[in-house]
$ cat upload-v9.cif   # mmCIF, C-alpha atoms and all ligand atoms
data_target
#
loop_
_atom_site.label_atom_id
_atom_site.label_comp_id
_atom_site.auth_asym_id
_atom_site.auth_seq_id
_atom_site.Cartn_x
_atom_site.Cartn_y
_atom_site.Cartn_z
CA GLU A 96 32.74 24.76 -3.87
CA THR A 97 34.52 27.42 -1.80
CA GLY A 98 38.05 27.94 -0.43
CA GLU A 99 39.63 30.19 2.17
CA VAL A 100 43.27 30.90 3.04
CA ILE A 101 44.96 33.23 5.47
CA ALA A 102 46.90 36.16 3.96
CA THR A 103 49.98 36.77 6.10
CA PRO A 104 51.74 40.14 5.72
CA ALA A 105 55.47 39.99 5.01
CA ASP A 106 58.13 42.66 5.03
CA ASN A 107 55.89 45.14 6.99
CA GLY A 108 53.03 44.77 4.58
CA ALA A 109 55.00 44.99 1.35
CA GLU A 110 53.26 41.77 0.33
CA TYR A 111 50.87 39.12 1.64
CA LEU A 112 51.55 35.36 1.43
CA SER A 113 49.04 32.51 1.43
CA PRO A 114 49.52 28.70 1.61
CA VAL A 115 48.79 26.82 -1.64
CA THR A 116 49.12 23.04 -2.07
CA ILE A 117 50.35 21.86 -5.47
CA GLY A 118 50.57 18.12 -6.07
CA GLY A 119 50.61 17.67 -2.29
CA GLN A 120 53.44 20.17 -1.78
CA GLN A 121 52.66 23.37 0.20
CA LEU A 122 54.20 26.70 -0.88
CA ASN A 123 53.61 30.26 0.33
CA LEU A 124 52.49 32.31 -2.66
CA ASN A 125 51.76 35.99 -3.32
CA PHE A 126 48.21 36.37 -4.71
CA ASP A 127 48.56 39.05 -7.36
CA THR A 128 45.48 40.57 -9.04
CA GLY A 129 47.91 42.55 -11.24
CA SER A 130 49.22 39.51 -13.15
CA ALA A 131 47.86 36.22 -14.53
CA ASP A 132 50.60 33.60 -14.12
CA LEU A 133 50.81 30.98 -11.38
CA TRP A 134 54.54 30.38 -11.04
CA VAL A 135 56.60 28.72 -8.33
CA PHE A 136 60.18 28.23 -7.22
CA SER A 137 61.14 24.78 -8.56
CA THR A 138 63.88 22.28 -7.80
CA ALA A 139 65.35 23.16 -11.22
CA LEU A 140 66.79 26.29 -9.57
CA THR A 141 70.22 26.18 -7.94
CA SER A 142 70.39 25.64 -4.18
CA ASP A 143 71.73 29.21 -3.86
CA GLU A 144 68.65 30.55 -5.68
CA ILE A 145 66.30 28.35 -3.62
CA GLY A 146 67.89 29.33 -0.29
CA GLU A 147 65.14 29.33 2.39
CA HIS A 148 62.30 29.04 -0.13
CA SER A 149 60.02 26.05 -0.57
CA ALA A 150 60.56 24.75 -4.10
CA TYR A 151 58.10 22.60 -6.04
CA ASP A 152 59.57 19.27 -7.09
CA PRO A 153 57.60 17.82 -10.04
CA SER A 154 59.37 14.46 -9.64
CA LYS A 155 57.74 14.08 -6.22
CA SER A 156 54.19 14.69 -7.48
CA SER A 157 52.28 11.69 -8.83
CA THR A 158 49.85 14.03 -10.60
CA TYR A 159 52.31 16.35 -12.34
CA GLN A 160 52.24 16.43 -16.13
CA GLU A 161 54.76 18.36 -18.22
CA LEU A 162 53.50 20.63 -21.04
CA ARG A 163 56.38 19.87 -23.43
CA GLY A 164 57.61 22.82 -25.51
CA TYR A 165 55.81 25.37 -23.33
CA THR A 166 57.74 28.14 -21.55
CA PHE A 167 57.10 31.31 -19.59
CA SER A 168 59.06 34.51 -19.07
CA LEU A 169 57.85 37.29 -16.77
CA SER A 170 59.16 40.70 -15.87
CA TYR A 171 57.34 42.92 -13.36
CA GLY A 172 57.17 46.69 -13.10
CA ASP A 173 59.77 46.73 -10.33
CA GLY A 174 62.41 45.02 -12.49
CA SER A 175 62.00 41.61 -10.90
CA GLY A 176 61.20 38.57 -13.01
CA ALA A 177 61.10 34.81 -13.47
CA ALA A 178 61.21 32.35 -16.37
CA GLY A 179 61.01 28.61 -16.87
CA THR A 180 58.97 25.61 -17.97
CA VAL A 181 55.27 24.72 -17.82
CA GLY A 182 53.21 21.79 -16.63
CA CYS A 183 49.98 21.05 -14.83
CA ASP A 184 49.06 19.60 -11.46
CA THR A 185 46.37 19.68 -8.81
CA VAL A 186 46.23 23.08 -7.09
CA ASP A 187 44.35 23.42 -3.80
CA ILE A 188 43.72 26.86 -2.29
CA GLY A 189 42.05 26.47 1.09
CA GLY A 190 39.88 23.63 -0.20
CA ALA A 191 39.03 25.09 -3.61
CA THR A 192 40.75 22.65 -5.97
CA VAL A 193 41.59 22.62 -9.70
CA THR A 194 42.86 19.20 -10.80
CA ARG A 195 44.59 20.31 -14.00
CA GLN A 196 45.87 23.80 -13.25
CA VAL A 197 48.70 25.02 -15.47
CA ILE A 198 51.67 25.83 -13.25
CA GLU A 199 54.87 27.58 -14.28
CA LEU A 200 58.10 26.15 -12.85
CA ALA A 201 60.85 28.73 -12.49
CA THR A 202 64.26 27.69 -13.82
CA SER A 203 65.51 31.26 -13.30
CA VAL A 204 64.39 34.03 -10.92
CA SER A 205 65.62 37.59 -10.42
CA SER A 206 67.60 38.60 -7.33
CA ALA A 207 64.52 40.35 -5.87
CA PHE A 208 62.76 37.00 -5.63
CA VAL A 209 65.84 35.12 -4.38
CA SER A 210 66.20 37.63 -1.52
CA ASP A 211 62.45 37.74 -0.79
CA ALA A 212 62.49 34.54 1.26
CA ASP A 213 58.79 34.89 2.18
CA SER A 214 57.46 34.35 -1.33
CA ASP A 215 57.75 31.00 -3.12
CA GLY A 216 56.03 32.41 -6.21
CA LEU A 217 52.82 34.05 -7.34
CA VAL A 218 49.20 33.20 -8.02
CA GLY A 219 48.07 35.52 -10.79
CA LEU A 220 44.44 36.61 -10.42
CA ALA A 221 44.19 39.16 -13.24
CA PHE A 222 42.41 38.13 -16.45
CA SER A 223 43.84 35.19 -18.39
CA THR A 224 44.32 37.44 -21.45
CA VAL A 225 47.58 38.68 -19.88
CA ASN A 226 48.97 35.21 -19.06
CA SER A 227 52.51 34.91 -20.40
CA VAL A 228 52.81 31.19 -21.30
CA SER A 229 54.14 30.54 -24.81
CA PRO A 230 53.20 29.31 -27.42
CA ASP A 231 49.58 29.60 -26.11
CA SER A 232 48.45 31.53 -23.04
CA GLN A 233 46.84 29.57 -20.20
CA LYS A 234 43.99 30.10 -17.74
CA THR A 235 44.31 31.42 -14.21
CA PHE A 236 43.25 29.39 -11.19
CA PHE A 237 40.19 31.64 -10.82
CA ASP A 238 39.16 31.19 -14.46
CA ASN A 239 39.48 27.42 -14.13
CA ILE A 240 37.51 27.14 -10.89
CA MET A 241 34.89 29.86 -11.42
CA SER A 242 32.16 27.57 -12.77
CA GLU A 243 32.59 25.22 -9.79
CA LEU A 244 32.39 27.96 -7.19
CA ALA A 245 29.18 28.57 -5.20
CA GLN A 246 29.48 32.18 -6.47
CA PRO A 247 31.84 33.26 -9.32
CA VAL A 248 33.86 35.53 -7.03
CA PHE A 249 36.96 35.81 -4.92
CA THR A 250 37.45 38.29 -2.10
CA ALA A 251 40.44 39.98 -0.47
CA ALA A 252 40.33 41.07 3.16
CA LEU A 253 43.97 42.05 3.77
CA ASP A 254 45.14 43.15 7.20
CA LEU A 255 48.53 44.02 8.67
CA ASP A 256 47.50 42.22 11.87
CA GLY A 257 47.78 38.83 10.14
CA SER A 258 44.07 38.07 10.32
CA GLY A 259 43.55 38.73 6.60
CA THR A 260 42.10 36.22 4.13
CA TYR A 261 41.55 35.44 0.48
CA GLU A 262 38.30 33.58 -0.13
CA PHE A 263 36.96 31.89 -3.28
CA GLY A 264 33.30 31.26 -4.06
CA THR A 265 31.56 33.22 -1.35
CA ILE A 266 31.12 36.74 0.01
CA ASP A 267 31.44 36.52 3.78
CA SER A 268 29.26 39.33 5.14
CA SER A 269 30.89 39.02 8.57
CA LYS A 270 34.05 40.47 7.01
CA PHE A 271 32.70 43.93 6.17
CA THR A 272 30.41 46.65 7.51
CA GLY A 273 27.91 48.84 5.65
CA ASP A 274 26.97 48.34 2.02
CA LEU A 275 29.10 46.51 -0.54
CA MET A 276 29.31 48.95 -3.48
CA PHE A 277 29.98 47.50 -6.96
CA THR A 278 31.48 49.24 -9.97
CA ASN A 279 32.11 48.21 -13.58
CA VAL A 280 35.46 46.68 -14.46
CA ASN A 281 37.04 47.36 -17.85
CA ALA A 282 38.67 43.94 -18.35
CA SER A 283 40.02 44.86 -21.81
CA SER A 284 43.31 45.83 -20.18
CA GLY A 285 43.54 42.36 -18.61
CA PHE A 286 43.43 43.98 -15.16
CA TRP A 287 40.69 44.75 -12.61
CA GLN A 288 40.47 48.26 -14.04
CA ILE A 289 37.99 50.88 -12.80
CA ASP A 290 37.45 54.62 -13.10
CA SER A 291 38.47 56.92 -10.29
CA ASN A 292 37.46 60.55 -10.90
CA SER A 293 37.72 62.12 -7.49
CA TYR A 294 39.75 62.09 -4.31
CA SER A 295 39.58 63.70 -0.90
CA ILE A 296 42.20 65.02 1.51
CA GLY A 297 41.32 65.66 5.11
CA GLY A 298 37.64 65.27 4.27
CA ARG A 299 37.60 67.80 1.42
CA THR A 300 36.69 66.28 -1.98
CA TYR A 301 38.17 67.23 -5.38
CA GLN A 302 36.62 66.21 -8.72
CA ARG A 303 39.04 65.32 -11.55
CA SER A 304 38.44 65.88 -15.26
CA SER A 305 41.37 63.86 -16.64
CA ALA A 306 42.09 61.09 -14.18
CA THR A 307 43.77 57.97 -15.52
CA PRO A 308 41.94 54.71 -14.80
CA ALA A 309 43.01 52.63 -11.82
CA ILE A 310 43.65 48.94 -11.34
CA VAL A 311 42.96 47.11 -8.08
CA ASP A 312 46.21 45.29 -7.47
CA THR A 313 46.94 43.09 -4.47
CA GLY A 314 50.47 42.46 -5.82
CA THR A 315 51.55 46.10 -5.51
CA SER A 316 52.45 47.38 -2.04
CA LEU A 317 51.80 51.10 -2.51
CA LEU A 318 49.07 53.42 -3.76
CA LEU A 319 50.50 54.79 -7.04
CA LEU A 320 48.48 57.81 -8.22
CA ASP A 321 48.61 60.52 -10.88
CA PRO A 322 51.28 63.14 -10.01
CA GLU A 323 48.75 65.99 -9.49
CA VAL A 324 46.96 64.00 -6.75
CA VAL A 325 50.20 63.07 -5.00
CA ARG A 326 51.41 66.69 -5.09
CA ALA A 327 48.06 67.86 -3.67
CA TYR A 328 48.27 65.37 -0.81
CA TYR A 329 51.83 66.13 0.27
CA ALA A 330 51.19 69.88 -0.07
CA GLN A 331 49.19 69.38 3.12
CA VAL A 332 52.11 67.73 4.93
CA PRO A 333 54.49 70.54 6.00
CA SER A 334 57.71 68.51 6.17
CA ALA A 335 57.01 66.43 3.01
CA LYS A 336 59.40 66.52 0.10
CA TYR A 337 60.23 64.40 -2.93
CA ASP A 338 63.51 62.64 -2.09
CA SER A 339 65.12 61.26 -5.28
CA THR A 340 67.62 59.24 -3.24
CA VAL A 341 64.80 57.02 -1.92
CA GLY A 342 62.61 57.55 -4.99
CA GLY A 343 59.53 59.02 -3.38
CA TYR A 344 57.90 61.43 -0.97
CA THR A 345 59.18 61.39 2.62
CA TYR A 346 58.27 63.42 5.71
CA ASP A 347 58.90 63.61 9.45
CA CYS A 348 57.44 60.53 11.09
CA SER A 349 56.00 62.83 13.78
CA GLU A 350 53.59 64.47 11.28
CA ASP A 351 49.86 64.21 11.93
CA LEU A 352 48.87 63.09 8.41
CA PRO A 353 45.53 64.01 6.80
CA GLU A 354 43.09 61.24 5.87
CA PHE A 355 43.01 60.40 2.14
CA ALA A 356 40.36 58.79 -0.06
CA VAL A 357 40.06 57.88 -3.73
CA ALA A 358 36.89 57.13 -5.68
CA VAL A 359 36.30 53.50 -6.69
CA GLY A 360 33.87 53.96 -9.55
CA ASP A 361 31.08 56.44 -8.89
CA ASN A 362 29.67 55.28 -5.59
CA TYR A 363 32.45 54.37 -3.18
CA MET A 364 35.17 56.53 -1.65
CA ALA A 365 37.96 54.23 -0.42
CA ASN A 366 39.67 55.97 2.47
CA ILE A 367 42.94 55.56 4.33
CA PRO A 368 43.09 57.07 7.82
CA GLY A 369 46.06 59.41 8.36
CA SER A 370 47.58 56.77 10.63
CA GLY A 371 47.54 54.30 7.70
CA ILE A 372 49.43 56.46 5.20
CA THR A 373 53.02 55.75 6.22
CA PHE A 374 54.59 52.76 4.45
CA ALA A 375 57.97 52.49 6.16
CA PRO A 376 60.59 54.49 8.06
CA VAL A 377 63.67 55.41 6.00
CA SER A 378 65.65 56.72 8.99
CA SER A 379 65.17 57.37 12.71
CA LYS A 380 62.81 60.28 12.06
CA THR A 381 61.96 60.22 8.34
CA CYS A 382 59.11 58.18 6.92
CA PHE A 383 58.26 57.04 3.37
CA GLY A 384 54.66 57.63 2.32
CA GLY A 385 52.31 54.89 1.12
CA ILE A 386 50.93 57.36 -1.45
CA GLN A 387 53.42 57.77 -4.30
CA SER A 388 53.39 58.86 -7.95
CA ASN A 389 52.67 56.55 -10.89
CA SER A 390 55.23 58.75 -12.72
CA GLY A 391 52.58 59.81 -15.22
CA SER A 392 51.91 56.30 -16.54
CA ASP A 393 48.47 55.55 -18.03
CA LEU A 394 47.27 53.67 -14.97
CA GLN A 395 46.86 54.39 -11.28
CA ILE A 396 47.55 51.37 -9.06
CA PHE A 397 45.46 50.75 -5.95
CA GLY A 398 47.78 48.50 -3.96
CA ASP A 399 47.87 47.05 -0.46
CA VAL A 400 48.29 50.42 1.32
CA LEU A 401 44.69 51.13 0.27
CA LEU A 402 43.25 47.62 0.03
CA LYS A 403 44.13 46.59 3.60
CA HIS A 404 41.52 49.07 4.92
CA HIS A 405 38.69 47.57 2.87
CA PHE A 406 36.88 44.37 1.91
CA VAL A 407 37.25 43.78 -1.86
CA VAL A 408 35.12 41.54 -4.10
CA PHE A 409 36.41 40.48 -7.51
CA HIS A 410 33.33 39.28 -9.45
CA GLY A 411 34.58 37.23 -12.39
CA GLU A 412 31.32 36.53 -14.19
CA SER A 413 29.84 40.03 -14.21
CA GLU A 414 33.24 41.74 -14.29
CA LEU A 415 32.37 43.94 -11.33
CA LEU A 416 34.50 45.10 -8.45
CA GLY A 417 32.92 45.43 -5.02
CA MET A 418 34.24 47.35 -2.03
CA ALA A 419 33.06 47.87 1.52
CA ALA A 420 34.44 49.21 4.75
CA LYS A 421 35.57 46.66 7.31
C1 LIG B 1 50.35 47.11 -14.42
C2 LIG B 1 51.37 46.47 -13.51
C3 LIG B 1 50.86 46.52 -12.07
C4 LIG B 1 51.85 45.83 -11.14
N1 LIG B 1 52.07 44.46 -11.60
C5 LIG B 1 51.67 43.38 -10.86
N2 LIG B 1 50.99 43.56 -9.75
N3 LIG B 1 52.05 42.20 -11.27
C6 LIG B 1 52.58 44.34 -12.95
C7 LIG B 1 51.62 45.02 -13.93
C1 LIG B 2 53.88 42.14 -8.60
C2 LIG B 2 55.13 41.44 -8.20
C3 LIG B 2 56.27 42.43 -8.30
C4 LIG B 2 57.55 41.71 -7.97
N1 LIG B 2 57.49 41.06 -6.68
C5 LIG B 2 58.57 41.12 -5.83
N2 LIG B 2 59.66 41.79 -6.22
N3 LIG B 2 58.51 40.50 -4.67
C6 LIG B 2 56.29 40.30 -6.32
C7 LIG B 2 55.02 40.94 -6.78
#

$ encode --input "upload-v9.cif" --output "structure tokens" --more "lines below"
Ligand SMILES: CC1CCN(C(=N)N)CC1
Ligand SMILES: CC1CCN(C(=N)N)CC1
Amino acid sequence: ETGEVIATPADNGAEYLSPVTIGGQQLNLNFDTGSADLWVFSTALTSDEIGEHSAYDPSKSSTYQELRGYTFSLSYGDGSGAAGTVGCDTVDIGGATVTRQVIELATSVSSAFVSDADSDGLVGLAFSTVNSVSPDSQKTFFDNIMSELAQPVFTAALDLDGSGTYEFGTIDSSKFTGDLMFTNVNASSGFWQIDSNSYSIGGRTYQRSSATPAIVDTGTSLLLLDPEVVRAYYAQVPSAKYDSTVGGYTYDCSEDLPEFAVAVGDNYMANIPGSGITFAPVSSKTCFGGIQSNSGSDLQIFGDVLLKHHFVVFHGESELLGMAAK
């Protein structure tokens, strides 16, 4: 079995949305390798909360089953969150289908999700150990379908031009160039966690002795790195400064930015061309960088700003992460 869906960028690449059919109802969901809950806007929300979203209506699905007494409650790093009830239904992602997938029906969502009209919920693709359902945690879509897939993998080929895809069960060699380089994943954190002990700026490489590990996270927009790396990068951008009013490094949009790369394991340097560094304008001539600080937390987060330049393989059985240029 295999499945393939388009990944459409929203909000200038802040997130990517893909069509998922649940009990015959199609919703646009954010595939998030940094969390492990599949949750959706539901008709239990108020019409004000639902707004322009598609909301899953369990009463209209002949295959929905409630998991009585089960609940979920999620809060994300950016302060957004959702909570509600739990059931199961048939979930189809581009043809890859799980008949009894646990789904989480939001009865409350934070304002960030209400105002983000593009996203009707999330598909968590981290490890099931970090699933938040209570009283017992539940399996992700990928965990449930892995044994049925032609290969126990899913791949992300994100692209701002709207041609991006998520694919389950196969590694499509037409989607990348050069060699696919694999590295070990430390799944004990529940995330697709790898080591990253060097970086390069403008083609010059720096080894690091105390780098924090990194997670490969399709649900995070930016590239959030250890402060010393971020300082080193923006030291090479003359007009760059940390602007606390916007909460990050900004610079003149006219700057000719140096290329940047971070190690993914020991045998792949994932680069971003200088032209791919800017995340968004904050004024007519000031731009907000896609490289920002992880504020000294114990993880670096390799988000869409990096991932959209590469082909990424998440290998569930061998717990390996593969990357290639595309
Ligand atoms: C470690 C954090 C990374 C960002 N998150 C996420 N993509 N859901 C939350 C967890
Ligand atoms: C990882 C998640 C963080 C919260 N999200 C959001 N505010 N749109 C979605 C992704």

$ residues_around --input "upload-v9.cif" --residues "Gly179 in chain A" --least-positions-apart "2" --cutoff "8 Å" --atoms "all atoms listed in the file" --output "ChimeraX atom specification"
/A:166-168,177,181,199-203

$ closest_residue --input "upload-v9.cif" --among "A:Leu122, A:Val193, A:Ile188, A:Ile145" --to "Glu243 in chain A" --atoms "only C-alpha atoms"
A:Val193

$ axis_aligned_box --input "upload-v9.cif" --around "ligand LIG 2 (chain B)" --padding-each-side "3 Å" --output "AutoDock Vina command-line options"
--center_x 56.8 --center_y 41.4 --center_z -6.6 --size_x 11.8 --size_y 8.1 --size_z 9.9

$ closest_atom_pairs --input "upload-v9.cif" --of "chain A" --to "ligand LIG 1 (chain B)" --cutoff "9 Å" --atoms "all atoms listed in the file" --output "JSON lines"
{"residue": "A:Asp127", "atom": "CA", "partner": "B:LIG1", "partner_atom": "N2", "distance": 5.7}
{"residue": "A:Thr128", "atom": "CA", "partner": "B:LIG1", "partner_atom": "N2", "distance": 6.3}
{"residue": "A:Gly129", "atom": "CA", "partner": "B:LIG1", "partner_atom": "N2", "distance": 3.6}
{"residue": "A:Ser130", "atom": "CA", "partner": "B:LIG1", "partner_atom": "N3", "distance": 4.3}
{"residue": "A:Ala131", "atom": "CA", "partner": "B:LIG1", "partner_atom": "N3", "distance": 8.0}
{"residue": "A:Ser170", "atom": "CA", "partner": "B:LIG1", "partner_atom": "C6", "distance": 8.1}
{"residue": "A:Tyr171", "atom": "CA", "partner": "B:LIG1", "partner_atom": "C6", "distance": 5.0}
{"residue": "A:Gly172", "atom": "CA", "partner": "B:LIG1", "partner_atom": "C6", "distance": 5.2}
{"residue": "A:Asp173", "atom": "CA", "partner": "B:LIG1", "partner_atom": "C4", "distance": 8.0}
{"residue": "A:Gly219", "atom": "CA", "partner": "B:LIG1", "partner_atom": "N3", "distance": 7.8}
{"residue": "A:Ala221", "atom": "CA", "partner": "B:LIG1", "partner_atom": "N3", "distance": 8.7}
{"residue": "A:Phe286", "atom": "CA", "partner": "B:LIG1", "partner_atom": "C1", "distance": 7.6}
{"residue": "A:Ile310", "atom": "CA", "partner": "B:LIG1", "partner_atom": "C1", "distance": 7.6}
{"residue": "A:Val311", "atom": "CA", "partner": "B:LIG1", "partner_atom": "C3", "distance": 8.9}
{"residue": "A:Asp312", "atom": "CA", "partner": "B:LIG1", "partner_atom": "N2", "distance": 5.6}
{"residue": "A:Thr313", "atom": "CA", "partner": "B:LIG1", "partner_atom": "N2", "distance": 6.7}
{"residue": "A:Gly314", "atom": "CA", "partner": "B:LIG1", "partner_atom": "N2", "distance": 4.1}
{"residue": "A:Thr315", "atom": "CA", "partner": "B:LIG1", "partner_atom": "N2", "distance": 5.0}
{"residue": "A:Ser316", "atom": "CA", "partner": "B:LIG1", "partner_atom": "N2", "distance": 8.7}
{"residue": "A:Leu394", "atom": "CA", "partner": "B:LIG1", "partner_atom": "C1", "distance": 7.3}
{"residue": "A:Gln395", "atom": "CA", "partner": "B:LIG1", "partner_atom": "C1", "distance": 8.7}
{"residue": "A:Ile396", "atom": "CA", "partner": "B:LIG1", "partner_atom": "C3", "distance": 6.6}
{"residue": "A:Gly398", "atom": "CA", "partner": "B:LIG1", "partner_atom": "N2", "distance": 8.3}

$ write_last_selection --input "upload-v9.cif" --atoms "C-alpha atoms" --output "PDB file, in the frame of the given file"
ATOM      1  CA  ASP A 127      48.560  39.050  -7.360  1.00  0.00           C
ATOM      2  CA  THR A 128      45.480  40.570  -9.040  1.00  0.00           C
ATOM      3  CA  GLY A 129      47.910  42.550 -11.240  1.00  0.00           C
ATOM      4  CA  SER A 130      49.220  39.510 -13.150  1.00  0.00           C
ATOM      5  CA  ALA A 131      47.860  36.220 -14.530  1.00  0.00           C
ATOM      6  CA  SER A 170      59.160  40.700 -15.870  1.00  0.00           C
ATOM      7  CA  TYR A 171      57.340  42.920 -13.360  1.00  0.00           C
ATOM      8  CA  GLY A 172      57.170  46.690 -13.100  1.00  0.00           C
ATOM      9  CA  ASP A 173      59.770  46.730 -10.330  1.00  0.00           C
ATOM     10  CA  GLY A 219      48.070  35.520 -10.790  1.00  0.00           C
ATOM     11  CA  ALA A 221      44.190  39.160 -13.240  1.00  0.00           C
ATOM     12  CA  PHE A 286      43.430  43.980 -15.160  1.00  0.00           C
ATOM     13  CA  ILE A 310      43.650  48.940 -11.340  1.00  0.00           C
ATOM     14  CA  VAL A 311      42.960  47.110  -8.080  1.00  0.00           C
ATOM     15  CA  ASP A 312      46.210  45.290  -7.470  1.00  0.00           C
ATOM     16  CA  THR A 313      46.940  43.090  -4.470  1.00  0.00           C
ATOM     17  CA  GLY A 314      50.470  42.460  -5.820  1.00  0.00           C
ATOM     18  CA  THR A 315      51.550  46.100  -5.510  1.00  0.00           C
ATOM     19  CA  SER A 316      52.450  47.380  -2.040  1.00  0.00           C
ATOM     20  CA  LEU A 394      47.270  53.670 -14.970  1.00  0.00           C
ATOM     21  CA  GLN A 395      46.860  54.390 -11.280  1.00  0.00           C
ATOM     22  CA  ILE A 396      47.550  51.370  -9.060  1.00  0.00           C
ATOM     23  CA  GLY A 398      47.780  48.500  -3.960  1.00  0.00           C
TER      24      GLY A 398
END

$ closest_residue --input "upload-v9.cif" --among "A:Asp399, A:Asp187, A:Asp290, A:Glu414" --to "Gly360 in chain A" --atoms "all atoms listed in the file"
A:Asp290

$ closest_residue --input "upload-v9.cif" --among "A:Pro114, A:Gly176, A:Gly385, A:Pro322" --to "ligand LIG 2 (chain B)" --atoms "all atoms listed in the file"
A:Gly176

$ closest_residue --input "upload-v9.cif" --among "A:Tyr337, A:Phe208, A:Phe355, A:Tyr329" --to "ligand LIG 2 (chain B)" --atoms "all atoms listed in the file"
A:Phe208

$ build_atoms --input "upload-v9.cif" --residues "range 287-293 of chain A" --atoms "all heavy atoms" --output "PDB file, in the coordinates of the input"
ATOM      1  N   TRP A 287      41.948  44.337 -13.281  1.00  0.00           N
ATOM      2  CA  TRP A 287      40.690  44.750 -12.610  1.00  0.00           C
ATOM      3  C   TRP A 287      40.669  46.270 -12.624  1.00  0.00           C
ATOM      4  O   TRP A 287      40.988  46.923 -11.627  1.00  0.00           O
ATOM      5  CB  TRP A 287      40.636  44.150 -11.208  1.00  0.00           C
ATOM      6  CG  TRP A 287      40.530  42.654 -11.236  1.00  0.00           C
ATOM      7  CD1 TRP A 287      41.547  41.749 -11.268  1.00  0.00           C
ATOM      8  CD2 TRP A 287      39.317  41.888 -11.302  1.00  0.00           C
ATOM      9  NE1 TRP A 287      41.060  40.466 -11.333  1.00  0.00           N
ATOM     10  CE2 TRP A 287      39.692  40.517 -11.344  1.00  0.00           C
ATOM     11  CE3 TRP A 287      37.955  42.212 -11.299  1.00  0.00           C
ATOM     12  CZ2 TRP A 287      38.760  39.489 -11.400  1.00  0.00           C
ATOM     13  CZ3 TRP A 287      37.019  41.194 -11.340  1.00  0.00           C
ATOM     14  CH2 TRP A 287      37.417  39.842 -11.402  1.00  0.00           C
ATOM     15  N   GLN A 288      40.338  46.834 -13.779  1.00  0.00           N
ATOM     16  CA  GLN A 288      40.470  48.260 -14.040  1.00  0.00           C
ATOM     17  C   GLN A 288      39.150  48.978 -13.835  1.00  0.00           C
ATOM     18  O   GLN A 288      38.106  48.533 -14.306  1.00  0.00           O
ATOM     19  CB  GLN A 288      40.960  48.487 -15.472  1.00  0.00           C
ATOM     20  CG  GLN A 288      41.183  49.947 -15.809  1.00  0.00           C
ATOM     21  CD  GLN A 288      41.723  50.124 -17.212  1.00  0.00           C
ATOM     22  OE1 GLN A 288      42.641  49.413 -17.640  1.00  0.00           O
ATOM     23  NE2 GLN A 288      41.146  51.069 -17.942  1.00  0.00           N
ATOM     24  N   ILE A 289      39.195  50.089 -13.121  1.00  0.00           N
ATOM     25  CA  ILE A 289      37.990  50.880 -12.800  1.00  0.00           C
ATOM     26  C   ILE A 289      38.300  52.367 -13.036  1.00  0.00           C
ATOM     27  O   ILE A 289      39.459  52.747 -13.225  1.00  0.00           O
ATOM     28  CB  ILE A 289      37.635  50.710 -11.309  1.00  0.00           C
ATOM     29  CG1 ILE A 289      38.853  51.080 -10.454  1.00  0.00           C
ATOM     30  CG2 ILE A 289      37.176  49.285 -11.003  1.00  0.00           C
ATOM     31  CD1 ILE A 289      38.554  51.417  -9.050  1.00  0.00           C
ATOM     32  N   ASP A 290      37.248  53.165 -13.028  1.00  0.00           N
ATOM     33  CA  ASP A 290      37.450  54.620 -13.100  1.00  0.00           C
ATOM     34  C   ASP A 290      37.562  55.174 -11.696  1.00  0.00           C
ATOM     35  O   ASP A 290      36.984  54.638 -10.748  1.00  0.00           O
ATOM     36  CB  ASP A 290      36.255  55.272 -13.815  1.00  0.00           C
ATOM     37  CG  ASP A 290      36.303  55.017 -15.323  1.00  0.00           C
ATOM     38  OD1 ASP A 290      37.415  54.713 -15.833  1.00  0.00           O
ATOM     39  OD2 ASP A 290      35.249  55.059 -15.968  1.00  0.00           O
ATOM     40  N   SER A 291      38.323  56.267 -11.590  1.00  0.00           N
ATOM     41  CA  SER A 291      38.470  56.920 -10.290  1.00  0.00           C
ATOM     42  C   SER A 291      38.606  58.418 -10.544  1.00  0.00           C
ATOM     43  O   SER A 291      39.697  58.906 -10.845  1.00  0.00           O
ATOM     44  CB  SER A 291      39.718  56.391  -9.565  1.00  0.00           C
ATOM     45  OG  SER A 291      39.897  57.089  -8.341  1.00  0.00           O
ATOM     46  N   ASN A 292      37.482  59.145 -10.458  1.00  0.00           N
ATOM     47  CA  ASN A 292      37.460  60.550 -10.900  1.00  0.00           C
ATOM     48  C   ASN A 292      37.388  61.568  -9.772  1.00  0.00           C
ATOM     49  O   ASN A 292      37.086  62.741 -10.018  1.00  0.00           O
ATOM     50  CB  ASN A 292      36.281  60.758 -11.864  1.00  0.00           C
ATOM     51  CG  ASN A 292      36.491  59.952 -13.138  1.00  0.00           C
ATOM     52  OD1 ASN A 292      37.598  59.929 -13.692  1.00  0.00           O
ATOM     53  ND2 ASN A 292      35.463  59.239 -13.572  1.00  0.00           N
ATOM     54  N   SER A 293      37.639  61.116  -8.566  1.00  0.00           N
ATOM     55  CA  SER A 293      37.720  62.120  -7.490  1.00  0.00           C
ATOM     56  C   SER A 293      38.550  61.576  -6.336  1.00  0.00           C
ATOM     57  O   SER A 293      38.826  60.374  -6.266  1.00  0.00           O
ATOM     58  CB  SER A 293      36.310  62.490  -6.994  1.00  0.00           C
ATOM     59  OG  SER A 293      35.745  61.374  -6.324  1.00  0.00           O
TER      60      SER A 293
END
